[in-house]
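Q: Below is the file my_file-v5.tsv, with TSV, C-alpha atoms and all ligand atoms.
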chain	number	residue	atom	x	y	z
A	7	MET	CA	111.45	151.06	112.76
A	8	SER	CA	110.87	149.12	115.93
A	9	ALA	CA	111.19	150.03	119.61
A	10	ARG	CA	114.35	151.92	120.47
A	11	LEU	CA	115.88	154.20	123.07
A	12	THR	CA	117.35	157.34	121.55
A	13	VAL	CA	120.18	158.87	123.56
A	14	ASP	CA	120.75	162.58	123.04
A	15	LEU	CA	124.43	163.07	123.79
A	16	ALA	CA	124.21	166.81	123.19
A	17	ALA	CA	121.64	166.96	126.00
A	18	LEU	CA	123.93	164.88	128.20
A	19	GLU	CA	126.75	167.37	127.57
A	20	ARG	CA	124.53	170.31	128.44
A	21	ASN	CA	123.32	168.60	131.61
A	22	ILE	CA	126.88	167.82	132.65
A	23	ASP	CA	127.89	171.44	132.07
A	24	HIS	CA	124.89	172.68	134.02
A	25	VAL	CA	125.33	170.37	137.00
A	26	ARG	CA	129.07	171.00	137.08
A	27	GLY	CA	128.37	174.73	137.20
A	28	LEU	CA	125.94	174.23	140.08
A	29	VAL	CA	128.26	172.15	142.24
A	30	ALA	CA	131.53	174.00	141.50
A	31	PRO	CA	134.06	174.34	142.97
A	32	ALA	CA	133.23	170.83	144.16
A	33	GLU	CA	134.15	168.13	141.67
A	34	LEU	CA	131.40	166.36	139.71
A	35	MET	CA	131.55	162.57	139.71
A	36	LEU	CA	129.27	161.15	137.00
A	37	VAL	CA	127.57	157.97	138.21
A	38	VAL	CA	127.16	155.30	135.51
A	39	LYS	CA	125.77	152.34	137.46
A	40	ASP	CA	123.08	150.16	135.84
A	41	ASP	CA	124.48	150.71	132.34
A	42	ALA	CA	124.47	154.47	132.85
A	43	TYR	CA	120.87	154.33	134.10
A	44	GLY	CA	119.96	152.39	130.98
A	45	HIS	CA	121.51	154.98	128.64
A	46	ASP	CA	124.38	152.69	127.55
A	47	VAL	CA	127.66	153.13	129.35
A	48	GLU	CA	129.56	152.66	126.06
A	49	ARG	CA	127.95	155.79	124.68
A	50	VAL	CA	127.84	157.86	127.85
A	51	VAL	CA	131.42	157.51	129.07
A	52	PRO	CA	133.25	158.71	125.93
A	53	CYS	CA	130.92	161.69	125.73
A	54	ALA	CA	131.38	162.56	129.42
A	55	VAL	CA	135.15	162.26	129.24
A	56	ALA	CA	135.26	164.44	126.12
A	57	ARG	CA	133.23	166.96	128.11
A	58	GLY	CA	135.92	167.04	130.79
A	59	ILE	CA	134.55	164.63	133.38
A	60	THR	CA	137.49	163.21	135.35
A	61	TRP	CA	135.60	161.17	137.97
A	62	ILE	CA	133.25	158.31	137.15
A	63	GLY	CA	131.18	156.48	139.75
A	64	ALA	CA	131.10	152.92	138.48
A	65	PHE	CA	129.35	151.02	141.30
A	66	ASP	CA	131.16	147.69	140.81
A	67	VAL	CA	134.37	146.28	139.35
A	68	ALA	CA	132.70	144.88	136.24
A	69	THR	CA	131.42	148.33	135.29
A	70	ALA	CA	134.75	149.88	136.25
A	71	ALA	CA	136.54	147.54	133.83
A	72	VAL	CA	134.35	148.79	131.00
A	73	VAL	CA	134.93	152.40	132.00
A	74	ARG	CA	138.71	151.90	132.25
A	75	ARG	CA	138.76	150.30	128.78
A	76	ILE	CA	136.82	153.20	127.28
A	77	ALA	CA	138.30	156.10	129.20
A	78	GLY	CA	141.90	155.02	129.71
A	79	ASP	CA	144.18	155.73	132.66
A	80	GLY	CA	143.62	159.46	133.04
A	81	ILE	CA	140.25	159.02	134.73
A	82	ARG	CA	139.51	158.32	138.39
A	83	ILE	CA	136.97	155.54	138.79
A	84	PHE	CA	135.16	155.05	142.08
A	85	VAL	CA	133.63	151.68	143.03
A	86	TRP	CA	131.67	151.08	146.19
A	87	VAL	CA	130.34	147.56	145.84
A	88	LEU	CA	133.36	145.44	146.43
A	89	PRO	CA	132.92	141.85	147.53
A	90	GLU	CA	136.11	140.61	149.20
A	91	GLY	CA	138.38	138.41	147.10
A	92	ASP	CA	138.81	138.47	143.33
A	93	ASP	CA	137.06	141.78	142.93
A	94	VAL	CA	139.47	143.49	145.29
A	95	THR	CA	142.46	142.06	143.42
A	96	ALA	CA	141.04	143.27	140.11
A	97	ALA	CA	140.16	146.66	141.57
A	98	VAL	CA	143.68	147.26	142.88
A	99	ALA	CA	145.18	146.08	139.59
A	100	MET	CA	142.95	148.54	137.73
A	101	ASP	CA	144.01	151.40	140.00
A	102	LEU	CA	140.45	152.17	141.08
A	103	ASP	CA	139.33	154.36	143.95
A	104	LEU	CA	137.81	152.00	146.46
A	105	GLY	CA	134.81	152.81	148.63
A	106	VAL	CA	135.40	150.77	151.78
A	107	GLY	CA	132.50	150.38	154.18
A	108	ASP	CA	133.67	147.71	156.60
A	109	ALA	CA	136.69	146.82	158.65
A	110	ALA	CA	137.18	143.34	157.19
A	111	LEU	CA	137.23	144.72	153.66
A	112	LEU	CA	139.83	147.28	154.72
A	113	GLU	CA	142.11	144.44	155.84
A	114	ASP	CA	141.48	142.60	152.60
A	115	VAL	CA	142.33	145.66	150.52
A	116	ALA	CA	145.56	146.21	152.46
A	117	GLU	CA	146.52	142.56	152.04
A	118	VAL	CA	145.84	142.61	148.30
A	119	ALA	CA	147.89	145.81	147.97
A	120	ARG	CA	150.75	144.22	149.92
A	121	THR	CA	150.75	141.20	147.59
A	122	ALA	CA	150.55	143.39	144.50
A	123	GLY	CA	153.21	145.80	145.74
A	124	ALA	CA	150.68	148.59	145.24
A	125	VAL	CA	149.19	151.36	147.34
A	126	ALA	CA	145.39	151.13	147.27
A	127	ARG	CA	143.40	154.37	147.17
A	128	VAL	CA	140.68	154.12	149.79
A	129	HIS	CA	137.59	156.20	150.54
A	130	LEU	CA	136.27	155.19	153.95
A	131	LYS	CA	132.49	155.11	154.23
A	132	ILE	CA	130.77	156.17	157.43
A	133	ASP	CA	127.21	154.93	157.88
A	134	THR	CA	125.26	158.12	158.41
A	135	GLY	CA	121.91	156.42	158.79
A	136	LEU	CA	120.98	154.59	155.58
A	137	HIS	CA	122.42	151.30	156.93
A	138	ARG	CA	123.36	150.17	153.44
A	139	ASN	CA	126.90	149.24	154.30
A	140	GLY	CA	129.20	151.76	155.83
A	141	ILE	CA	131.22	151.70	159.03
A	142	ARG	CA	128.97	152.24	162.05
A	143	PRO	CA	129.72	155.36	164.09
A	144	GLU	CA	130.62	153.28	167.15
A	145	GLU	CA	133.26	151.35	165.18
A	146	TRP	CA	134.55	154.37	163.26
A	147	PRO	CA	137.27	155.63	165.66
A	148	ALA	CA	138.95	152.22	165.77
A	149	VAL	CA	138.70	151.77	162.00
A	150	VAL	CA	140.29	155.15	161.22
A	151	ARG	CA	143.16	154.37	163.63
A	152	ARG	CA	143.66	151.04	161.90
A	153	ALA	CA	143.50	152.75	158.49
A	154	ARG	CA	146.20	155.18	159.62
A	155	ALA	CA	148.42	152.26	160.65
A	156	LEU	CA	147.93	150.61	157.23
A	157	GLU	CA	148.74	153.92	155.60
A	158	GLN	CA	151.98	154.15	157.57
A	159	GLU	CA	152.84	150.64	156.38
A	160	GLY	CA	152.50	152.01	152.84
A	161	ARG	CA	149.60	149.72	151.85
A	162	ILE	CA	146.76	152.17	151.47
A	163	ASP	CA	146.24	155.88	150.95
A	164	VAL	CA	143.03	157.13	152.54
A	165	VAL	CA	142.17	159.80	150.00
A	166	GLY	CA	138.52	160.18	150.93
A	167	VAL	CA	135.74	159.94	153.48
A	168	TRP	CA	132.24	159.51	152.12
A	169	SER	CA	128.68	158.49	152.80
A	170	HIS	CA	125.32	158.25	151.05
A	171	ILE	CA	122.17	160.01	152.23
A	172	ALA	CA	118.47	159.48	151.57
A	173	GLU	CA	117.78	162.98	150.18
A	174	ALA	CA	114.18	162.43	151.24
A	175	SER	CA	113.98	165.03	153.98
A	176	ASP	CA	116.19	168.00	154.84
A	177	ALA	CA	116.08	167.19	158.55
A	178	GLU	CA	117.34	163.63	158.05
A	179	ASP	CA	120.00	164.83	155.65
A	180	ASP	CA	121.14	167.45	158.16
A	181	ALA	CA	121.47	164.80	160.86
A	182	ALA	CA	123.50	162.67	158.45
A	183	ARG	CA	125.72	165.63	157.66
A	184	ALA	CA	126.45	166.27	161.36
A	185	LEU	CA	127.51	162.64	161.72
A	186	PHE	CA	129.62	162.93	158.59
A	187	ASP	CA	131.42	166.02	159.86
A	188	SER	CA	132.30	164.36	163.12
A	189	ALA	CA	133.56	161.28	161.25
A	190	VAL	CA	135.86	163.51	159.18
A	191	ASP	CA	137.13	165.11	162.40
A	192	ASP	CA	137.83	161.67	163.88
A	193	ALA	CA	139.70	160.67	160.73
A	194	ARG	CA	141.89	163.76	160.93
A	195	GLU	CA	142.52	163.18	164.62
A	196	ALA	CA	143.71	159.69	163.75
A	197	GLY	CA	146.25	161.27	161.40
A	198	LEU	CA	144.41	160.63	158.11
A	199	ARG	CA	144.31	163.40	155.50
A	200	PRO	CA	141.18	162.73	153.41
A	201	ARG	CA	141.28	165.20	150.49
A	202	LEU	CA	137.95	164.14	149.07
A	203	ARG	CA	134.88	164.34	151.25
A	204	HIS	CA	131.73	163.34	149.36
A	205	LEU	CA	128.23	162.94	150.70
A	206	ALA	CA	125.56	164.12	148.26
A	207	ALA	CA	123.96	162.87	145.04
A	208	SER	CA	121.72	164.77	142.58
A	209	ALA	CA	119.19	166.36	144.90
A	210	ALA	CA	121.15	167.61	147.92
A	211	GLY	CA	124.26	168.21	145.82
A	212	THR	CA	122.54	170.68	143.53
A	213	ALA	CA	120.11	172.26	145.99
A	214	ARG	CA	122.19	172.58	149.15
A	215	ALA	CA	125.69	174.06	149.01
A	216	GLU	CA	126.72	172.75	152.43
A	217	PHE	CA	126.35	169.19	151.15
A	218	ARG	CA	128.87	169.52	148.33
A	219	TYR	CA	132.17	169.29	150.22
A	220	ASP	CA	134.87	168.31	147.70
A	221	MET	CA	132.82	166.20	145.32
A	222	VAL	CA	129.21	165.40	144.42
A	223	ARG	CA	128.18	162.04	142.92
A	224	VAL	CA	125.47	162.66	140.34
A	225	GLY	CA	123.54	160.24	138.18
A	226	ALA	CA	119.88	161.17	137.75
A	227	PHE	CA	120.16	164.90	137.01
A	228	CYS	CA	122.93	164.41	134.45
A	229	TYR	CA	120.57	162.08	132.56
A	230	GLY	CA	117.80	164.66	132.89
A	231	ILE	CA	115.78	162.48	135.26
A	232	ALA	CA	113.93	164.69	137.75
A	233	PRO	CA	112.92	163.52	141.23
A	234	ALA	CA	109.40	162.08	141.58
A	235	GLY	CA	107.14	164.64	143.21
A	236	GLY	CA	109.78	167.35	142.94
A	237	PRO	CA	110.72	170.09	140.49
A	238	ASP	CA	110.64	169.01	136.84
A	239	ALA	CA	113.66	168.80	134.56
A	240	ARG	CA	113.12	172.26	133.14
A	241	ALA	CA	113.01	173.83	136.60
A	242	LEU	CA	116.24	172.01	137.39
A	243	GLY	CA	117.85	173.34	134.21
A	244	VAL	CA	118.39	169.92	132.64
A	245	THR	CA	116.90	168.05	129.66
A	246	PRO	CA	115.89	164.38	129.55
A	247	VAL	CA	118.60	162.54	127.61
A	248	ALA	CA	116.62	159.44	126.63
A	249	THR	CA	113.57	159.07	124.44
A	250	LEU	CA	111.78	155.73	124.31
A	251	THR	CA	109.91	155.19	121.07
A	252	ALA	CA	107.83	152.21	119.97
A	253	SER	CA	106.21	151.43	116.62
A	254	VAL	CA	102.59	150.70	115.89
A	255	THR	CA	102.14	147.14	114.68
A	256	ALA	CA	98.37	147.01	114.17
A	257	VAL	CA	95.38	149.31	114.53
A	258	THR	CA	91.75	148.57	115.36
A	259	ALA	CA	88.91	150.96	116.20
A	260	GLU	CA	89.72	150.53	119.90
A	261	SER	CA	93.48	150.38	120.05
A	262	ALA	CA	96.84	150.74	118.37
A	263	SER	CA	99.21	147.92	119.32
A	264	VAL	CA	102.85	148.86	119.84
A	265	ASP	CA	105.94	146.68	119.83
A	266	ILE	CA	107.12	147.23	123.37
A	267	GLY	CA	105.83	145.88	126.64
A	268	MET	CA	106.37	144.14	129.93
A	269	LEU	CA	108.98	141.77	128.48
A	270	ASP	CA	111.04	144.82	127.55
A	271	GLY	CA	110.92	146.15	131.10
A	272	LEU	CA	107.94	148.45	130.88
A	273	PRO	CA	105.98	148.09	134.14
A	274	SER	CA	102.58	146.52	133.42
A	275	SER	CA	101.05	148.77	136.09
A	276	LEU	CA	101.42	151.70	133.66
A	277	GLY	CA	98.48	150.31	131.65
A	278	GLY	CA	95.56	152.72	131.89
A	279	ARG	CA	97.47	155.15	134.08
A	280	VAL	CA	99.46	157.42	131.76
A	281	GLU	CA	99.37	159.17	128.42
A	282	VAL	CA	102.06	158.79	125.80
A	283	GLY	CA	102.97	160.92	122.78
A	284	THR	CA	101.48	160.03	119.39
A	285	PRO	CA	101.31	161.81	116.02
A	286	GLY	CA	97.71	162.65	116.99
A	287	GLY	CA	98.72	164.13	120.35
A	288	PRO	CA	98.75	162.60	123.81
A	289	ARG	CA	96.83	159.31	124.03
A	290	ARG	CA	96.18	156.92	126.88
A	291	LEU	CA	98.45	153.91	127.23
A	292	LEU	CA	95.73	151.27	127.48
A	293	HIS	CA	97.59	148.12	128.35
A	294	VAL	CA	101.13	146.92	128.98
A	295	GLY	CA	101.68	143.20	128.51
A	296	GLU	CA	103.72	141.12	126.12
A	297	THR	CA	102.89	143.86	123.68
A	298	SER	CA	101.16	147.07	124.61
A	299	SER	CA	98.35	149.17	123.24
A	300	VAL	CA	97.51	152.81	123.02
A	301	GLU	CA	94.25	154.64	122.46
A	302	PRO	CA	94.17	155.26	118.67
A	303	TRP	CA	94.18	158.63	116.93
A	304	PRO	CA	92.66	159.58	113.59
A	305	GLY	CA	94.72	158.14	110.75
A	306	ALA	CA	96.78	155.86	112.99
A	307	ARG	CA	98.46	153.08	111.06
A	308	ALA	CA	101.07	150.40	111.36
A	309	GLY	CA	104.56	151.88	111.25
A	310	ASP	CA	103.65	155.08	113.11
A	311	ASP	CA	105.81	156.00	116.07
A	312	VAL	CA	104.57	156.32	119.63
A	313	ARG	CA	106.75	158.09	122.15
A	314	ILE	CA	106.54	156.31	125.49
A	315	TYR	CA	108.66	158.97	127.17
A	316	GLY	CA	111.08	161.70	126.22
A	317	PRO	CA	110.96	165.33	125.19
A	318	GLY	CA	109.40	166.43	121.93
A	319	GLU	CA	106.52	168.10	120.19
A	320	TRP	CA	103.96	165.43	121.07
A	321	GLY	CA	103.47	166.62	124.62
A	322	GLU	CA	105.39	166.17	127.83
A	323	THR	CA	105.94	162.59	128.85
A	324	THR	CA	108.93	161.84	131.02
A	325	ALA	CA	110.32	158.78	132.76
A	326	THR	CA	109.60	160.61	136.01
A	327	GLY	CA	106.02	161.30	134.93
A	328	LEU	CA	105.44	157.60	134.24
A	329	ALA	CA	107.10	156.75	137.54
A	330	GLU	CA	104.89	159.13	139.51
A	331	ALA	CA	101.77	157.46	138.07
A	332	ILE	CA	102.79	154.13	139.61
A	333	GLY	CA	104.46	155.34	142.79
A	334	THR	CA	108.09	154.85	141.87
A	335	ILE	CA	111.02	157.01	140.68
A	336	GLY	CA	112.22	157.90	137.18
A	337	GLU	CA	115.48	156.00	137.64
A	338	GLU	CA	113.46	152.81	138.11
A	339	ILE	CA	111.72	153.28	134.76
A	340	ALA	CA	115.04	154.04	133.05
A	341	VAL	CA	117.07	151.15	134.45
A	342	ARG	CA	114.36	148.51	133.99
A	343	LEU	CA	114.37	148.93	130.23
A	344	SER	CA	115.70	145.74	128.70
A	345	PRO	CA	119.20	145.80	127.18
A	346	GLY	CA	117.50	144.10	124.23
A	347	ILE	CA	115.93	147.42	123.24
A	348	PRO	CA	118.52	148.98	120.92
A	349	ARG	CA	120.11	152.25	121.98
A	350	GLU	CA	120.86	154.75	119.28
A	351	ASN	CA	122.27	158.26	119.17
A	352	ALA	CA	119.95	161.14	118.46
A	353	GLU	CA	120.86	162.82	115.19
A	354	THR	CA	122.37	166.10	116.21
A	355	ARG	CA	123.90	167.18	112.93
A	356	PRO	CA	123.20	166.33	109.29
A	357	ARG	CA	125.07	163.34	107.98
A	358	LEU	CA	127.48	163.97	105.13
A	359	ARG	CA	126.78	162.04	101.98
A	360	ALA	CA	129.49	159.70	100.82
A	401	LIG	C1	123.21	155.97	142.61
A	401	LIG	C2	124.14	156.65	143.51
A	401	LIG	C3	124.44	158.01	143.35
A	401	LIG	C4	123.75	158.89	142.35
A	401	LIG	O1	122.45	159.18	142.78
A	401	LIG	P1	121.49	160.14	141.90
A	401	LIG	O2	120.38	160.47	142.82
A	401	LIG	O3	121.09	159.36	140.71
A	401	LIG	O4	122.29	161.33	141.53
A	401	LIG	C5	125.40	158.56	144.19
A	401	LIG	N1	126.03	157.81	145.11
A	401	LIG	C6	125.76	156.51	145.30
A	401	LIG	C7	126.48	155.76	146.35
A	401	LIG	C8	124.81	155.88	144.51
A	401	LIG	O5	124.53	154.60	144.70
Any chance you could put this one into structure tokens?

A:
Amino acid sequence: MSARLTVDLAALERNIDHVRGLVAPAELMLVVKDDAYGHDVERVVPCAVARGITWIGAFDVATAAVVRRIAGDGIRIFVWVLPEGDDVTAAVAMDLDLGVGDAALLEDVAEVARTAGAVARVHLKIDTGLHRNGIRPEEWPAVVRRARALEQEGRIDVVGVWSHIAEASDAEDDAARALFDSAVDDAREAGLRPRLRHLAASAAGTARAEFRYDMVRVGAFCYGIAPAGGPDARALGVTPVATLTASVTAVTAESASVDIGMLDGLPSSLGGRVEVGTPGGPRRLLHVGETSSVEPWPGARAGDDVRIYGPGEWGETTATGLAEAIGTIGEEIAVRLSPGIPRENAETRPRLRA
């Protein structure tokens, strides 16, 4: 066998159940950007929908199209990266929920809806401090009045108000939340009736009840990816969904070469900095390049498996653990993995013989 990413859909289901329980009665939106954080959106979405997920955060229209094809019409799909033009037309045609973070885009959405004879569902985004798109607080009162006028013309339905927060410090998040609350008040004063207020992602959404509002947008924790420097997956009550395994291609006295490396998206800076799981126990990852090498263990031979990260009996190595060693976050390790590495389902039940 060669390098592969094993996706444990049973673990994904358990994580979804767990996170949903934590955020209830707020709705759980499962975020599937970056190919479901590298876990393969084609595998993740059917599983999530079967588990009762009714909101998917798709990032952009291209991902939303895939989700709509897989999940059908019964699912709400939220997109928040929406270049004006063709994407807006496609988004309205696909009946998506549109995250709108600037006044010009709002006009574009209304115009597209007018042409299509549709009513576009809009979630207005207030910039609460991240400055990654979002309507600035000073523009907000005028934009919500304009949105109300477009609603009265029957072009849009402002179903939500939302924002995104850093989740890096409680104090900053609290300041963002105060801004968010006043934006919702302004929207209501303008006559809007946003039913869906959503602000938090994995960290604040699970840890801090006052951040949940009507919906929480979660990616990382549903995939079992813990925050760098924070509580581990077990403490959070979730299990890592993905396991990255490589195969030994050659062994010398000094090293066992494995068939995965930098070209597959493994950061070369991991070389010498982490241990990975081997049949002989944890061993140092010596080098990450075109191929990579691991400190050998007694009896190592070509064809053996090496677990780069993922749960199992060979010791704890997680995407977050690798990330911490090189000063990044687990999501970064997960999403950098090349699509060329095959994804496969973990065997969860014995296969029936034909
Ligand atoms: C990625 C993303 C999320 C999910 O964040 P996690 O920390 O992975 O849960 C939520 N909302 C937005 C806007 C995002 O871009």

Q: List as a tab-separated table every residue of chain A that is in contact with ligand LIG 401 (chain A), defined as an atom at most 6 Å from one of its atoms (using only C-alpha atoms and all ligand atoms), together with the nearest atom pair and the distance in Å rounded to one decimal, sorted by chain and then rising number.

A:
residue	atom	partner	partner_atom	distance
A:Val37	CA	A:LIG401	C4	5.7
A:His170	CA	A:LIG401	C7	5.4
A:Ala207	CA	A:LIG401	O4	4.2
A:Ser208	CA	A:LIG401	O4	3.6
A:Arg223	CA	A:LIG401	C5	4.6
A:Val224	CA	A:LIG401	O4	3.6
A:Gly225	CA	A:LIG401	O3	3.6
A:Ala226	CA	A:LIG401	O3	3.7

Q: Work out how far apart atom CA of Leu36 of chain A and atom CA of Ile59 of chain A are and give it in Å to one decimal.

A: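 About the pair atom CA of Leu36 of chain A and atom CA of Ile59 of chain A: they are 7.3 Å apart.
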
Q: Within 12 Å of Glu330 of chain A, counting all atoms listed in the file, which residues show up once you throw out same-chain ones fewer than 6 positions away? Write them as a list in words, please.

A: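 Once the adjacent positions are removed, what remains is Ala232, Pro233, Ala234, Gly235, Gly236, Asp238, Ser275, Leu276, Arg279, Val280, Thr323, Thr324, Gly336, Glu337, Glu338 and Ile339 of chain A.
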
Q: For the residues in the current selection, export C-alpha atoms as a PDB file, in the frame of the given file.

A:
ATOM      1  CA  ALA A 232     113.930 164.690 137.750  1.00  0.00           C
ATOM      2  CA  PRO A 233     112.920 163.520 141.230  1.00  0.00           C
ATOM      3  CA  ALA A 234     109.400 162.080 141.580  1.00  0.00           C
ATOM      4  CA  GLY A 235     107.140 164.640 143.210  1.00  0.00           C
ATOM      5  CA  GLY A 236     109.780 167.350 142.940  1.00  0.00           C
ATOM      6  CA  ASP A 238     110.640 169.010 136.840  1.00  0.00           C
ATOM      7  CA  SER A 275     101.050 148.770 136.090  1.00  0.00           C
ATOM      8  CA  LEU A 276     101.420 151.700 133.660  1.00  0.00           C
ATOM      9  CA  ARG A 279      97.470 155.150 134.080  1.00  0.00           C
ATOM     10  CA  VAL A 280      99.460 157.420 131.760  1.00  0.00           C
ATOM     11  CA  THR A 323     105.940 162.590 128.850  1.00  0.00           C
ATOM     12  CA  THR A 324     108.930 161.840 131.020  1.00  0.00           C
ATOM     13  CA  GLY A 336     112.220 157.900 137.180  1.00  0.00           C
ATOM     14  CA  GLU A 337     115.480 156.000 137.640  1.00  0.00           C
ATOM     15  CA  GLU A 338     113.460 152.810 138.110  1.00  0.00           C
ATOM     16  CA  ILE A 339     111.720 153.280 134.760  1.00  0.00           C
TER      17      ILE A 339
END

Q: Of the candidates A:Gly230, A:Gly295, A:Gly44, A:Pro89, which shows the shortest atom-to-atom distance to Ser263 of chain A, using all atoms listed in the file?

A: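 Nearest to Ser263 of chain A: A:Gly295.
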
Q: For a quick check of understanding, using all atoms listed in the file, which of A:Glu144, A:Thr134, A:Ala153, A:Ala196 has the smallest distance to Ala181 of chain A?

A: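 Residue with the minimum atom-to-atom distance to Ala181 of chain A: A:Thr134.
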
Q: Could you list, as a VMD selection string, every residue within 8 Å of segment 245-258 of chain A, counting all atoms listed in the file and ignoring same-chain residues fewer than 5 positions away?

A: chain A and resid 7 to 15 17 to 18 21 45 229 to 231 239 to 240 263 to 266 302 306 to 317 324

Q: At what distance in Å, to one decimal, does atom CA of Gly107 of chain A lie from atom CA of Ser175 of chain A?

A: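 So the answer is 23.6 Å.
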
Q: From the options A:Ala331, A:Gly287, A:Ala182, A:Asp114, which residue's atoms come nearest to Ser274 of chain A, counting all atoms listed in the file?

A: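 Closest residue, counting all atoms listed in the file: A:Ala331.
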
Q: With 12 Å as the threshold, what does the neighbourhood of (152.1, 151.4, 156.5) contain in terms of residues, counting all atoms listed in the file? Coordinates are those of the file; answer as a PyMOL selection string.

A: chain A and resi 116-117+119-120+124-126+151-164

Q: Considering all atoms listed in the file, return as number ranges by chain whatever protein or nucleic-acid residues lie within 8 Å of Ile22 of chain A, sequence-local ones (same chain, fewer than 2 positions apart) excluded.

A: A: 18-20, 24-26, 54, 57, 228

Q: To one decimal place, how far is atom CA of Gly91 of chain A from atom CA of Ile76 of chain A in Å?

A: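 Going from atom CA of Gly91 of chain A over to atom CA of Ile76 of chain A, I get 24.8 Å.
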
Q: Starting from 3 Å padding per side, set up an axis-aligned box that covers all listed atoms of segment 151-160 of chain A and hand over centre and edge lengths in Å, one decimal, as lines of an AutoDock Vina configuration file.

A:
center_x = 148.0
center_y = 152.9
center_z = 158.2
size_x = 15.7
size_y = 10.6
size_z = 16.8

Q: Given the choices A:Leu198, A:Ala97, A:Val165, A:Val118, which gets closest to Pro147 of chain A if the distance is worked out from all atoms listed in the file?

A: A:Leu198

Q: Taking only C-alpha atoms into account, which of A:His129, A:Arg199, A:Lys39, A:Arg142 comes nearest Asp66 of chain A?

A: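 Distance minimum relative to Asp66 of chain A lands on A:Lys39.
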
Q: Which one is closest to Asp108 of chain A: A:Gly327, A:Pro273, A:Gly135, A:Gly140? Count only C-alpha atoms.

A: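 Going through A:Gly327, A:Pro273, A:Gly135, A:Gly140 one by one, the smallest distance to Asp108 of chain A is for A:Gly140.
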
Q: Quick one: residues within 8 Å of Ile81 of chain A, all atoms listed in the file counted, chain neighbours fewer than 5 positions away excluded, as an MDAnalysis selection string?

A: chainID A and resid 60:62 74
